[in-house]
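S.K.: Structure: start18.txt, compact mmCIF, C-alpha atoms (C1' of nucleotides).
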```txt
# COMPACT_ATOMS: atom_id res chain seq x y z
CA MET A 1 0.00 0.00 0.00
CA PRO A 2 2.58 2.59 0.93
CA ARG A 3 5.24 4.18 -1.10
CA LYS A 4 8.87 3.18 -0.60
CA PRO A 5 11.60 5.69 0.19
CA GLU A 6 13.87 6.59 -2.68
CA TYR A 7 16.99 6.68 -0.58
CA ASP A 8 19.23 3.99 0.93
CA ARG A 9 18.96 4.68 4.65
CA GLU A 10 22.20 2.91 5.54
CA LEU A 11 24.14 4.86 2.94
CA LEU A 12 22.65 8.10 4.22
CA ILE A 13 23.75 7.35 7.78
CA SER A 14 27.28 6.68 6.58
CA ARG A 15 27.36 9.91 4.64
CA ALA A 16 26.01 11.85 7.60
CA ARG A 17 28.62 10.25 9.86
CA ASP A 18 31.40 11.40 7.58
CA LEU A 19 30.01 14.91 7.54
CA PHE A 20 29.59 15.07 11.34
CA TRP A 21 32.99 13.48 11.85
CA ARG A 22 34.72 16.05 9.73
CA LYS A 23 32.83 19.21 10.59
CA GLY A 24 31.57 18.50 14.10
CA TRP A 25 28.13 18.94 15.62
CA ALA A 26 27.77 22.71 15.53
CA GLY A 27 29.75 22.88 12.31
CA THR A 28 27.24 20.76 10.41
CA SER A 29 24.02 22.58 9.56
CA LEU A 30 20.77 21.09 8.36
CA LYS A 31 21.50 22.74 5.05
CA ASP A 32 24.79 20.84 4.87
CA LEU A 33 22.99 17.59 5.62
CA GLU A 34 20.22 18.28 3.11
CA ARG A 35 22.81 18.92 0.42
CA GLU A 36 24.97 15.90 1.29
CA LEU A 37 22.06 13.48 1.71
CA ASN A 38 20.02 15.00 -1.11
CA LEU A 39 17.02 15.27 1.17
CA LYS A 40 14.53 18.09 1.62
CA PRO A 41 13.76 19.13 5.22
CA GLY A 42 10.48 17.22 5.31
CA SER A 43 12.09 13.98 4.16
CA PHE A 44 14.96 14.46 6.55
CA TYR A 45 12.73 14.80 9.58
CA ALA A 46 10.45 11.99 8.46
CA ALA A 47 13.48 9.72 8.14
CA PHE A 48 15.56 10.65 11.18
CA GLY A 49 13.50 12.78 13.54
CA SER A 50 16.11 15.39 14.28
CA LYS A 51 19.72 16.38 13.70
CA ASP A 52 20.65 15.02 17.12
CA ALA A 53 18.87 11.71 16.55
CA LEU A 54 20.81 11.21 13.32
CA TYR A 55 24.03 12.22 15.04
CA ALA A 56 23.38 9.55 17.68
CA LEU A 57 22.88 6.97 14.95
CA THR A 58 26.15 7.93 13.30
CA LEU A 59 28.02 7.77 16.62
CA GLU A 60 26.75 4.25 17.24
CA ARG A 61 27.70 3.15 13.77
CA TYR A 62 31.11 4.72 14.09
CA ALA A 63 31.86 2.90 17.34
CA GLN A 64 30.38 -0.39 16.22
CA GLU A 65 32.49 -0.44 13.06
CA GLY A 66 35.57 0.48 15.05
CA VAL A 67 35.07 -2.38 17.49
CA ALA A 68 34.35 -4.80 14.65
CA ARG A 69 37.49 -3.77 12.78
CA LEU A 70 39.61 -4.20 15.90
CA MET A 71 38.20 -7.61 16.75
CA THR A 72 38.56 -8.88 13.21
CA LEU A 73 42.19 -7.82 13.30
CA ALA A 74 42.64 -9.58 16.65
CA ASP A 75 41.35 -12.85 15.19
CA GLU A 76 43.91 -12.64 12.41
CA LEU A 77 46.95 -11.36 14.25
CA GLY A 78 46.46 -12.13 17.91
CA PRO A 79 46.11 -9.57 20.71
CA LEU A 80 49.57 -8.01 20.99
CA GLU A 81 50.18 -7.68 17.27
CA THR A 82 46.74 -6.08 16.91
CA LEU A 83 47.54 -3.52 19.59
CA LYS A 84 50.88 -2.83 17.93
CA ARG A 85 49.36 -2.33 14.49
CA GLN A 86 46.38 -0.23 15.54
CA PRO A 87 48.28 3.08 15.90
CA GLN A 88 49.61 2.89 12.36
CA ALA A 89 46.26 1.62 11.12
CA VAL A 90 44.20 4.51 12.46
CA ILE A 91 46.40 7.13 10.80
CA ASP A 92 46.96 5.21 7.57
CA VAL A 93 43.39 5.30 6.33
CA ARG A 94 42.89 7.23 3.13
CA ASP A 95 39.12 7.25 2.69
CA THR A 96 38.25 8.53 6.12
CA PRO A 97 37.02 12.12 6.63
CA ALA A 98 39.34 12.77 9.58
CA ARG A 99 42.18 11.25 11.54
CA ALA A 100 40.91 12.30 14.94
CA CYS A 101 38.50 10.05 16.80
CA MET A 102 34.88 11.07 16.24
CA LEU A 103 33.96 10.05 19.79
CA ALA A 104 36.67 12.26 21.27
CA LYS A 105 35.77 15.18 19.02
CA THR A 106 32.12 14.87 19.98
CA TYR A 107 32.93 14.63 23.65
CA ALA A 108 35.27 17.62 23.52
CA GLU A 109 32.72 19.75 21.71
CA LEU A 110 29.59 18.89 23.66
CA GLN A 111 30.63 17.95 27.19
CA SER A 112 30.57 21.51 28.50
CA ARG A 113 27.09 22.00 27.09
CA GLY A 114 25.88 19.02 29.07
CA HIS A 115 24.59 17.60 25.80
CA ASP A 116 23.27 14.03 25.74
CA LEU A 117 25.50 13.21 22.78
CA ALA A 118 28.56 13.83 24.97
CA ASP A 119 27.35 11.15 27.37
CA LYS A 120 26.76 8.81 24.48
CA ALA A 121 30.25 9.45 23.12
CA SER A 122 31.65 8.86 26.59
CA ASP A 123 29.83 5.54 26.92
CA LEU A 124 31.18 4.42 23.58
CA MET A 125 34.72 5.39 24.53
CA VAL A 126 34.36 3.30 27.68
CA GLU A 127 33.26 0.39 25.52
CA MET A 128 36.27 0.87 23.29
CA LYS A 129 38.55 0.99 26.31
CA HIS A 130 37.11 -2.34 27.45
CA CYS A 131 38.02 -3.82 24.10
CA PHE A 132 41.61 -2.68 24.53
CA ALA A 133 41.67 -4.08 28.07
CA THR A 134 40.42 -7.42 26.77
CA LEU A 135 43.23 -7.52 24.22
CA PHE A 136 45.82 -6.69 26.88
CA ARG A 137 44.45 -9.46 29.09
CA ARG A 138 44.58 -11.93 26.23
CA ALA A 139 48.13 -10.86 25.49
CA GLN A 140 48.99 -11.58 29.09
CA GLU A 141 47.29 -14.97 28.99
CA ALA A 142 49.24 -15.76 25.82
CA GLY A 143 52.45 -14.74 27.55
CA GLU A 144 53.06 -11.96 25.03
CA ILE A 145 53.41 -9.33 27.76
CA GLY A 146 54.22 -9.51 31.45
CA SER A 147 51.42 -10.60 33.74
CA LYS A 148 52.25 -8.12 36.46
CA HIS A 149 50.67 -5.18 34.67
CA ASP A 150 47.09 -4.03 35.29
CA ALA A 151 45.33 -4.56 31.96
CA ASP A 152 42.77 -1.83 32.66
CA ARG A 153 45.51 0.65 33.38
CA LEU A 154 47.40 -0.35 30.25
CA ALA A 155 44.20 0.07 28.25
CA ALA A 156 43.54 3.54 29.65
CA ARG A 157 47.06 4.67 28.82
CA TYR A 158 46.91 3.05 25.40
CA GLN A 159 43.60 4.69 24.56
CA SER A 160 44.90 8.03 25.77
CA ASP A 161 47.98 7.70 23.56
CA LEU A 162 45.80 6.78 20.60
CA LEU A 163 43.61 9.84 21.15
CA GLY A 164 46.72 12.00 21.22
CA LEU A 165 48.14 10.33 18.16
CA ARG A 166 44.95 10.75 16.17
CA MET A 167 44.70 14.39 17.19
CA SER A 168 48.35 14.90 16.25
CA ALA A 169 47.81 13.19 12.93
CA GLU A 170 45.48 16.05 11.90
CA ARG A 171 48.41 18.43 12.07
CA ASN A 172 50.77 18.77 9.15
CA ASP A 173 53.77 19.72 11.27
CA VAL A 174 53.74 16.35 13.00
CA ASN A 175 55.23 13.07 11.76
CA ALA A 176 52.41 10.85 12.99
CA ALA A 177 54.01 7.66 11.67
CA GLU A 178 56.95 8.16 14.02
CA ILE A 179 54.66 8.61 16.99
CA ALA A 180 52.67 5.53 15.99
CA ALA A 181 55.87 3.51 15.74
CA ASP A 182 56.98 4.70 19.16
CA ILE A 183 53.64 3.80 20.74
CA ALA A 184 53.90 0.32 19.21
CA ALA A 185 57.50 -0.02 20.37
CA ASP A 186 56.46 0.72 23.95
CA LEU A 187 54.23 -2.35 23.90
CA ASP A 188 57.25 -4.57 23.37
CA ARG A 189 58.72 -3.39 26.64
CA LEU A 190 55.80 -4.62 28.74
CA MET B 191 40.04 65.11 26.76
CA PRO B 192 38.72 61.58 26.28
CA ARG B 193 36.85 59.34 28.59
CA LYS B 194 38.49 56.26 30.08
CA PRO B 195 37.02 52.78 29.78
CA GLU B 196 35.36 51.42 32.89
CA TYR B 197 36.61 47.89 32.44
CA ASP B 198 39.96 46.19 32.98
CA ARG B 199 40.86 44.98 29.51
CA GLU B 200 43.34 42.36 30.72
CA LEU B 201 40.79 40.88 33.09
CA LEU B 202 38.21 40.78 30.32
CA ILE B 203 40.56 38.86 28.03
CA SER B 204 41.21 36.31 30.77
CA ARG B 205 37.52 35.86 31.41
CA ALA B 206 36.83 35.50 27.69
CA ARG B 207 39.64 32.94 27.41
CA ASP B 208 38.07 30.83 30.15
CA LEU B 209 34.70 30.98 28.44
CA PHE B 210 36.10 30.07 25.01
CA TRP B 211 38.31 27.38 26.52
CA ARG B 212 35.38 25.71 28.22
CA LYS B 213 32.62 26.12 25.65
CA GLY B 214 34.53 26.31 22.39
CA TRP B 215 34.26 28.75 19.52
CA ALA B 216 30.78 27.93 18.22
CA GLY B 217 29.58 27.17 21.74
CA THR B 218 30.27 30.69 22.94
CA SER B 219 27.80 33.27 21.68
CA LEU B 220 28.10 37.02 21.85
CA LYS B 221 25.32 36.97 24.38
CA ASP B 222 27.46 34.68 26.56
CA LEU B 223 30.39 37.06 26.21
CA GLU B 224 28.30 40.14 26.91
CA ARG B 225 26.98 38.53 30.07
CA GLU B 226 30.37 37.25 31.25
CA LEU B 227 32.26 40.45 30.45
CA ASN B 228 29.38 42.74 31.45
CA LEU B 229 29.67 44.57 28.16
CA LYS B 230 26.96 45.76 25.80
CA PRO B 231 27.42 44.96 22.10
CA GLY B 232 28.66 48.42 21.24
CA SER B 233 31.33 48.39 23.93
CA PHE B 234 32.35 44.89 23.00
CA TYR B 235 32.99 45.78 19.39
CA ALA B 236 34.66 49.05 20.28
CA ALA B 237 37.00 47.15 22.59
CA PHE B 238 37.79 44.01 20.60
CA GLY B 239 36.57 44.41 17.04
CA SER B 240 34.95 41.02 16.69
CA LYS B 241 34.39 37.70 18.39
CA ASP B 242 37.19 36.16 16.34
CA ALA B 243 39.62 38.97 17.16
CA LEU B 244 38.99 38.46 20.86
CA TYR B 245 39.34 34.71 20.45
CA ALA B 246 42.73 35.25 18.82
CA LEU B 247 43.81 37.41 21.75
CA THR B 248 42.77 34.73 24.22
CA LEU B 249 44.61 32.03 22.27
CA GLU B 250 47.80 34.08 22.33
CA ARG B 251 47.46 34.71 26.04
CA TYR B 252 46.75 31.05 26.70
CA ALA B 253 49.86 29.91 24.87
CA GLN B 254 52.08 32.64 26.24
CA GLU B 255 51.14 31.81 29.83
CA GLY B 256 51.66 28.11 29.15
CA VAL B 257 55.15 28.67 27.81
CA ALA B 258 55.99 31.01 30.70
CA ARG B 259 54.78 28.48 33.27
CA LEU B 260 56.84 25.72 31.68
CA MET B 261 60.01 27.77 31.46
CA THR B 262 59.68 29.00 35.03
CA LEU B 263 59.36 25.42 36.15
CA ALA B 264 62.41 24.47 34.09
CA ASP B 265 64.51 27.14 35.82
CA GLU B 266 63.58 25.68 39.19
CA LEU B 267 63.69 21.97 38.50
CA GLY B 268 65.86 21.46 35.46
CA PRO B 269 64.70 20.06 32.11
CA LEU B 270 63.98 16.39 32.83
CA GLU B 271 62.21 16.96 36.11
CA THR B 272 60.07 19.63 34.46
CA LEU B 273 59.06 17.25 31.69
CA LYS B 274 58.27 14.59 34.28
CA ARG B 275 56.12 16.90 36.38
CA GLN B 276 54.22 18.56 33.56
CA PRO B 277 51.73 15.69 32.97
CA GLN B 278 50.60 15.72 36.59
CA ALA B 279 50.67 19.52 36.64
CA VAL B 280 48.35 19.99 33.69
CA ILE B 281 45.65 17.77 35.17
CA ASP B 282 46.07 18.91 38.77
CA VAL B 283 44.91 22.46 38.25
CA ARG B 284 41.76 23.36 40.15
CA ASP B 285 40.95 26.85 38.89
CA THR B 286 41.12 26.09 35.20
CA PRO B 287 37.94 25.89 33.10
CA ALA B 288 38.95 22.65 31.37
CA ARG B 289 41.62 19.98 31.43
CA ALA B 290 41.92 19.66 27.65
CA CYS B 291 44.32 21.92 25.81
CA MET B 292 42.60 25.00 24.42
CA LEU B 293 44.86 24.98 21.37
CA ALA B 294 43.95 21.40 20.54
CA LYS B 295 40.24 22.02 21.11
CA THR B 296 40.36 25.06 18.87
CA TYR B 297 42.25 23.21 16.16
CA ALA B 298 39.91 20.23 16.29
CA GLU B 299 36.84 22.42 16.05
CA LEU B 300 37.94 24.85 13.36
CA GLN B 301 40.42 23.06 11.12
CA SER B 302 37.80 21.55 8.83
CA ARG B 303 36.21 24.98 8.38
CA GLY B 304 39.52 26.33 7.18
CA HIS B 305 39.18 29.00 9.84
CA ASP B 306 42.14 31.32 10.50
CA LEU B 307 41.96 30.55 14.21
CA ALA B 308 42.82 26.92 13.47
CA ASP B 309 46.03 28.07 11.79
CA LYS B 310 46.80 30.28 14.74
CA ALA B 311 46.21 27.40 17.16
CA SER B 312 48.44 25.21 15.00
CA ASP B 313 51.24 27.77 15.05
CA LEU B 314 51.04 28.02 18.81
CA MET B 315 51.15 24.24 19.19
CA VAL B 316 54.28 24.20 17.05
CA GLU B 317 55.78 26.81 19.36
CA MET B 318 54.89 24.69 22.37
CA LYS B 319 56.45 21.64 20.73
CA HIS B 320 59.66 23.60 20.24
CA CYS B 321 59.70 24.35 23.96
CA PHE B 322 59.44 20.66 24.72
CA ALA B 323 62.22 19.90 22.23
CA THR B 324 64.42 22.49 23.89
CA LEU B 325 63.89 20.84 27.26
CA PHE B 326 64.69 17.42 25.82
CA ARG B 327 67.86 18.79 24.27
CA ARG B 328 68.89 20.39 27.57
CA ALA B 329 68.20 17.12 29.35
CA GLN B 330 70.51 15.40 26.90
CA GLU B 331 73.21 18.03 27.37
CA ALA B 332 72.90 17.57 31.13
CA GLY B 333 73.23 13.82 30.67
CA GLU B 334 69.77 13.20 32.17
CA ILE B 335 68.66 11.19 29.15
CA GLY B 336 70.48 9.32 26.44
CA SER B 337 72.01 11.43 23.67
CA LYS B 338 71.08 9.02 20.89
CA HIS B 339 67.45 10.08 20.79
CA ASP B 340 66.08 12.70 18.39
CA ALA B 341 64.88 15.52 20.62
CA ASP B 342 62.33 16.72 18.08
CA ARG B 343 60.86 13.25 17.81
CA LEU B 344 60.73 12.89 21.58
CA ALA B 345 59.00 16.27 21.79
CA ALA B 346 56.39 15.31 19.19
CA ARG B 347 55.59 12.07 21.02
CA TYR B 348 55.56 13.83 24.37
CA GLN B 349 53.20 16.53 23.15
CA SER B 350 50.95 13.93 21.59
CA ASP B 351 50.82 12.02 24.86
CA LEU B 352 50.02 15.20 26.75
CA LEU B 353 47.18 16.00 24.36
CA GLY B 354 45.78 12.53 24.92
CA LEU B 355 46.20 12.79 28.66
CA ARG B 356 44.47 16.15 28.85
CA MET B 357 41.61 14.90 26.69
CA SER B 358 41.34 11.79 28.86
CA ALA B 359 41.37 13.90 32.01
CA GLU B 360 38.03 15.40 30.96
CA ARG B 361 36.43 11.97 31.27
CA ASN B 362 35.30 10.72 34.64
CA ASP B 363 35.82 7.04 33.80
CA VAL B 364 39.56 7.57 33.43
CA ASN B 365 42.19 7.71 36.15
CA ALA B 366 44.24 10.52 34.64
CA ALA B 367 46.78 10.52 37.50
CA GLU B 368 47.79 6.97 36.60
CA ILE B 369 48.29 7.92 32.96
CA ALA B 370 50.28 10.99 33.96
CA ALA B 371 52.50 8.85 36.19
CA ASP B 372 53.07 6.37 33.38
CA ILE B 373 54.00 9.11 30.92
CA ALA B 374 56.48 10.48 33.44
CA ALA B 375 57.87 7.00 34.10
CA ASP B 376 58.55 6.53 30.39
CA LEU B 377 60.90 9.51 30.49
CA ASP B 378 63.16 7.69 32.95
CA ARG B 379 63.70 4.94 30.42
CA LEU B 380 65.23 7.25 27.81
C1' DG C 381 31.37 77.04 32.55
C1' DT C 382 32.06 75.24 26.99
C1' DC C 383 34.04 72.21 23.76
C1' DT C 384 36.01 68.00 22.18
C1' DT C 385 36.62 63.33 22.41
C1' DT C 386 35.63 58.96 23.62
C1' DA C 387 32.75 55.28 26.19
C1' DT C 388 28.24 53.34 26.90
C1' DT C 389 23.82 52.03 25.62
C1' DG C 390 20.30 49.01 23.46
C1' DA C 391 17.16 48.66 19.68
C1' DG C 392 17.48 46.36 15.75
C1' DC C 393 19.94 44.72 11.25
C1' DG C 394 20.14 40.72 7.78
C1' DA C 395 21.56 36.02 7.90
C1' DT C 396 21.24 31.65 9.50
C1' DC C 397 19.75 28.19 12.86
C1' DA C 398 16.86 23.73 13.56
C1' DC C 399 12.55 22.56 12.36
C1' DT C 400 7.21 22.34 10.71
C1' DC C 401 3.47 21.47 7.83
C1' DA C 402 0.15 21.66 4.20
C1' DA C 403 0.04 20.44 -0.40
C1' DG C 404 1.36 17.44 -4.11
C1' DT C 405 3.04 12.82 -5.83
C1' DA C 406 3.88 8.05 -6.32
C1' DT C 407 2.87 3.14 -5.19
C1' DA C 408 0.89 -1.16 -3.31
C1' DT C 409 -3.58 -3.24 -2.36
C1' DA C 410 -8.44 -4.07 -3.41
C1' DT D 411 -9.20 1.73 -11.95
C1' DA D 412 -10.07 3.55 -7.23
C1' DT D 413 -8.40 4.17 -2.71
C1' DA D 414 -5.34 4.30 1.05
C1' DT D 415 -0.84 5.13 2.55
C1' DA D 416 3.07 6.64 2.64
C1' DC D 417 7.03 9.77 0.70
C1' DT D 418 8.52 14.33 -1.35
C1' DT D 419 8.47 19.09 -1.66
C1' DG D 420 9.75 23.83 -0.27
C1' DA D 421 7.92 27.97 1.59
C1' DG D 422 7.93 29.54 5.97
C1' DT D 423 8.17 29.33 11.46
C1' DG D 424 10.28 31.75 15.63
C1' DA D 425 14.72 31.92 17.70
C1' DT D 426 19.25 33.02 17.69
C1' DC D 427 23.52 34.24 15.31
C1' DG D 428 27.37 38.04 14.90
C1' DC D 429 27.24 42.65 14.45
C1' DT D 430 25.93 48.00 13.53
C1' DC D 431 24.90 52.55 14.68
C1' DA D 432 22.63 56.67 16.20
C1' DA D 433 21.79 58.61 20.60
C1' DT D 434 23.41 59.61 25.19
C1' DA D 435 26.74 60.15 28.99
C1' DA D 436 31.06 61.21 30.98
C1' DA D 437 35.65 63.27 31.48
C1' DG D 438 39.84 66.09 30.36
C1' DA D 439 41.35 70.79 27.94
C1' DC D 440 40.54 75.50 27.88
```
Transcribe the structure of this file into structure tokens.
M.R.:
Amino acid sequence: MPRKPEYDRELLISRARDLFWRKGWAGTSLKDLERELNLKPGSFYAAFGSKDALYALTLERYAQEGVARLMTLADELGPLETLKRQPQAVIDVRDTPARACMLAKTYAELQSRGHDLADKASDLMVEMKHCFATLFRRAQEAGEIGSKHDADRLAARYQSDLLGLRMSAERNDVNAAEIAADIAADLDRL
Amino acid sequence: MPRKPEYDRELLISRARDLFWRKGWAGTSLKDLERELNLKPGSFYAAFGSKDALYALTLERYAQEGVARLMTLADELGPLETLKRQPQAVIDVRDTPARACMLAKTYAELQSRGHDLADKASDLMVEMKHCFATLFRRAQEAGEIGSKHDADRLAARYQSDLLGLRMSAERNDVNAAEIAADIAADLDRL
DNA sequence: GTCTTTATTGAGCGATCACTCAAGTATATA
DNA sequence: TATATACTTGAGTGATCGCTCAATAAAGAC
């Protein structure tokens, strides 16, 4: 009976994510979204409800794909090698709209406003940190790193270093590959 | 002949810096500034020219005070000890509007817009990196760390770690003191 | 005092913000 | 084909954005 939408919803969410990722929350206007998604205001609101609702969708997708990519890598390479490759991997990507972490950018922009999306970004960063901790624990169980270290603490430091690296990788005065290599090298000393 | 302004310009710049630092560029409206600085629009524009011009002033002041604080510390403690204390110092502060670096926040928010303030923030981060490199070089000359390392590379990594730490310190699920201690501990292994 | 010069005031500018909604259009079912 | 049910369209909402400017007030020079 009804009419079907002309757009591919999944594709639209990906495109919106890239736009939000690159330009931020305040930096992305409805006009920008309408242009990028080829959607008139009415269609946009029928499809997604609000700018914030779509932003939340894109955040979830961003985090979910990040976790999936990491865990796939871990199945192939094992925990330590995955952790060692991740720094180079996150700055290597060519088709990504930004080097910096979208969760961190969102949190930095919206935390002081007390915006719900900052809490969501925070939750997703916690989830990501748990993934890192799991890999550190597995590396310990496999005897790849010393068992005396606190995996949660290692994960927090590792995530912090990655955030710094990805922020630094946006700058053109910084040799991010060197920093990535040094972060990876530190893991061998554990 | 003329009339003197009723406000303390230096104080106003500091207050504006704190507001921008906490809420960001887009997150701080002229209404916010007028309220915080107790200035009507006309006075504001007579005094500072524009929101962006004032933001630039606050960025310069922020960086200048950061450099001054670091160099003062270096005169007291020497280069290596200064570098080791800085991580804890930047997250310890009580009276500061945010833990994250204002330069990094500005760059992250405005780079994709191609905004002049992003370039200015970038320049100031380069300046800060040079300070770190100078301290690493002095530490090498004093024999506090090995001479085989590239001081510029150490500085880039160190700054990156600090950026990550300061971003992480905004989160309440992260024990920033532990990360700060680990960053400092790494310096002893050089 | 008068004059000159600058600071202060606040209404209001055009532009843009996120968003709404009534009207028009296309499609699956009956 | 007729009807019901969405989807699409775009002009337009009130609110807020950064900012302007003419009017008014205050203070030093004479």
S.K.: For the point (9.4, 10.8, 4.7) in file coordinates, what residues are within 8 Å, counting all atoms listed in the file? Give the answer as JSON, numbers by chain?
M.R.: {"A": [5, 42, 43, 44, 45, 46, 47], "D": [416, 417, 418]}
S.K.: Within 12 Å of DA391 (chain C), counting only C-alpha atoms (C1' of nucleotides), which residues qualify if same-chain residues fewer than 5 places away don't, as a PDB file with C-alpha atoms (C1' of nucleotides), in the coordinates of the input?
M.R.:
```
ATOM      1  CA  LYS B 230      26.960  45.760  25.800  1.00  0.00           C
ATOM      2  CA  PRO B 231      27.420  44.960  22.100  1.00  0.00           C
ATOM      3  CA  GLY B 232      28.660  48.420  21.240  1.00  0.00           C
TER       4      GLY B 232
ATOM      5  C1'  DT D 430      25.930  48.000  13.530  1.00  0.00           C
ATOM      6  C1'  DC D 431      24.900  52.550  14.680  1.00  0.00           C
ATOM      7  C1'  DA D 432      22.630  56.670  16.200  1.00  0.00           C
ATOM      8  C1'  DA D 433      21.790  58.610  20.600  1.00  0.00           C
TER       9       DA D 433
END
```
S.K.: Could you state the separation of CA of Ala298 (chain B) and CA of Lys221 (chain B) in Å, given to one decimal place?
M.R.: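 Taking CA of Ala298 (chain B) and CA of Lys221 (chain B), their separation equals 23.6 Å.
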S.K.: May I ask for the distance between CA of Leu117 (chain A) and CA of Lys51 (chain A), given in Å to one decimal place?
M.R.: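 About the pair CA of Leu117 (chain A) and CA of Lys51 (chain A): they are 11.2 Å apart.
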S.K.: Restricting the calculation to only C-alpha atoms, which member of B:Leu270, B:Ala243, B:Val280, B:Ala370 is positioned closest to Leu325 (chain B)?
M.R.: B:Leu270
S.K.: As AutoDock Vina command-line options, please report the centre and edge lengths, rounded to one decimal in Å, of the axis-aligned box that holds all listed atoms of region 399-410 of chain C with 5 Å of padding on each of the six sides.
M.R.:
```
--center_x 2.1 --center_y 9.2 --center_z 3.0 --size_x 31.0 --size_y 36.6 --size_z 28.7
```
S.K.: Which residue gives the smallest distance to chain B among D:DC440, D:DG428, D:DG422, D:DT411, with all atoms listed in the file counted?
M.R.: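 The closest residue to chain B is D:DG428.
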